[in-house]
Amino acid sequence: MTRSNAREVAVHLIYEIDYTGEDPAQAIETRMDRSYYSGLSAENDVYAERPSKKQMDYIRTCVTGVCEHAEELDALIAQYAVRWNLHRISRLTKAAMRLAIYEMRYVEDVPNGVAINECVELTRKYEDAQVVSFVNGILGSVARGAKPNTEAPADPQPEEAQPEEAQPEEAQPEETPPKETQPAPEEAQQP
């Protein structure tokens, strides 16, 4: 199974969990059971091959992570979805965007451009061109603005020194700090 197929399986799980409200660990265990999984291959070619241990770890990490950060991910989608209500976006498209944004922020071995491209291609498989363009624009905007200012400020030069009370407080680290972001490729940044 390719990483792209593992990503699509993860999106299907995220979609299903969003729809059913099922516990992520239980949903993963049930859907990845050999007998259940083999039945899915008749419905979708992505299930023709079982995930390797490494791919299963990726699926588990991403599905669980997306569910844990759903509010944050939805807030980012809503922030950049100009004139679109989050409820107007299909569950599958929202699941794909949640996963892409989660990968951009928290998965070290997935460059932003790859997360965006994979999401766009997956969306193209299920949605029309207008939605694909919308997803590409949202993810490009998130990528350009995704890096929160968590770095400590550099030591100021003497002439730039601020009075002690005017200096910003040091940011408290999050439980899982977002990864360093990389610029998305030119084609992924266009709306």
# chains A, B, ... in the order shown; residues from 1 in each chain; ligands from 1
>>> residues_around(residues="Ile116 of chain A", least_positions_apart="2", cutoff="9 Å", atoms="only C-alpha atoms", output="PyMOL selection string")
chain A and resi 97+100-101+104+111-114+118-121+135-136+139-140+143+184+188-189
>>> residues_around(residues="Glu127 of chain A", least_positions_apart="5", cutoff="9 Å", atoms="only C-alpha atoms", output="list in words")
Thr93, Leu122 and Val132 of chain A
>>> select_by_dssp(residues="segment 28-161 of chain A", states="helix (DSSP H, G or I)", output="ChimeraX atom specification")
/A:28-32,34-40,45-47,53-68,70-80,86-88,91-106,112-126,129-145,158-160
>>> closest_residue(among="A:Arg98, A:Arg3, A:Arg105, A:Arg124", to="Ala70 of chain A", atoms="only C-alpha atoms")
A:Arg98
>>> closest_residue(among="A:Thr123, A:Asn85, A:Thr61, A:Ser35", to="Glu8 of chain A", atoms="only C-alpha atoms")
A:Thr123
>>> closest_residue(among="A:Ile59, A:Ile138, A:Ile14, A:Ala48", to="Arg83 of chain A", atoms="only C-alpha atoms")
A:Ile138
>>> residues_around(residues="segment 65-67 of chain A", least_positions_apart="6", cutoff="12 Å", atoms="only C-alpha atoms", output="ChimeraX atom specification")
/A:10-11,13-18,21-25,27,57-59,73-74,94-107,176,178
>>> closest_residue(among="A:Ser52, A:Phe134, A:Arg31, A:Glu68", to="Trp84 of chain A", atoms="only C-alpha atoms")
A:Phe134
>>> atom_distance(atom1="atom CA of Ala75 of chain A", atom2="atom CA of Lys125 of chain A")
25.0 Å
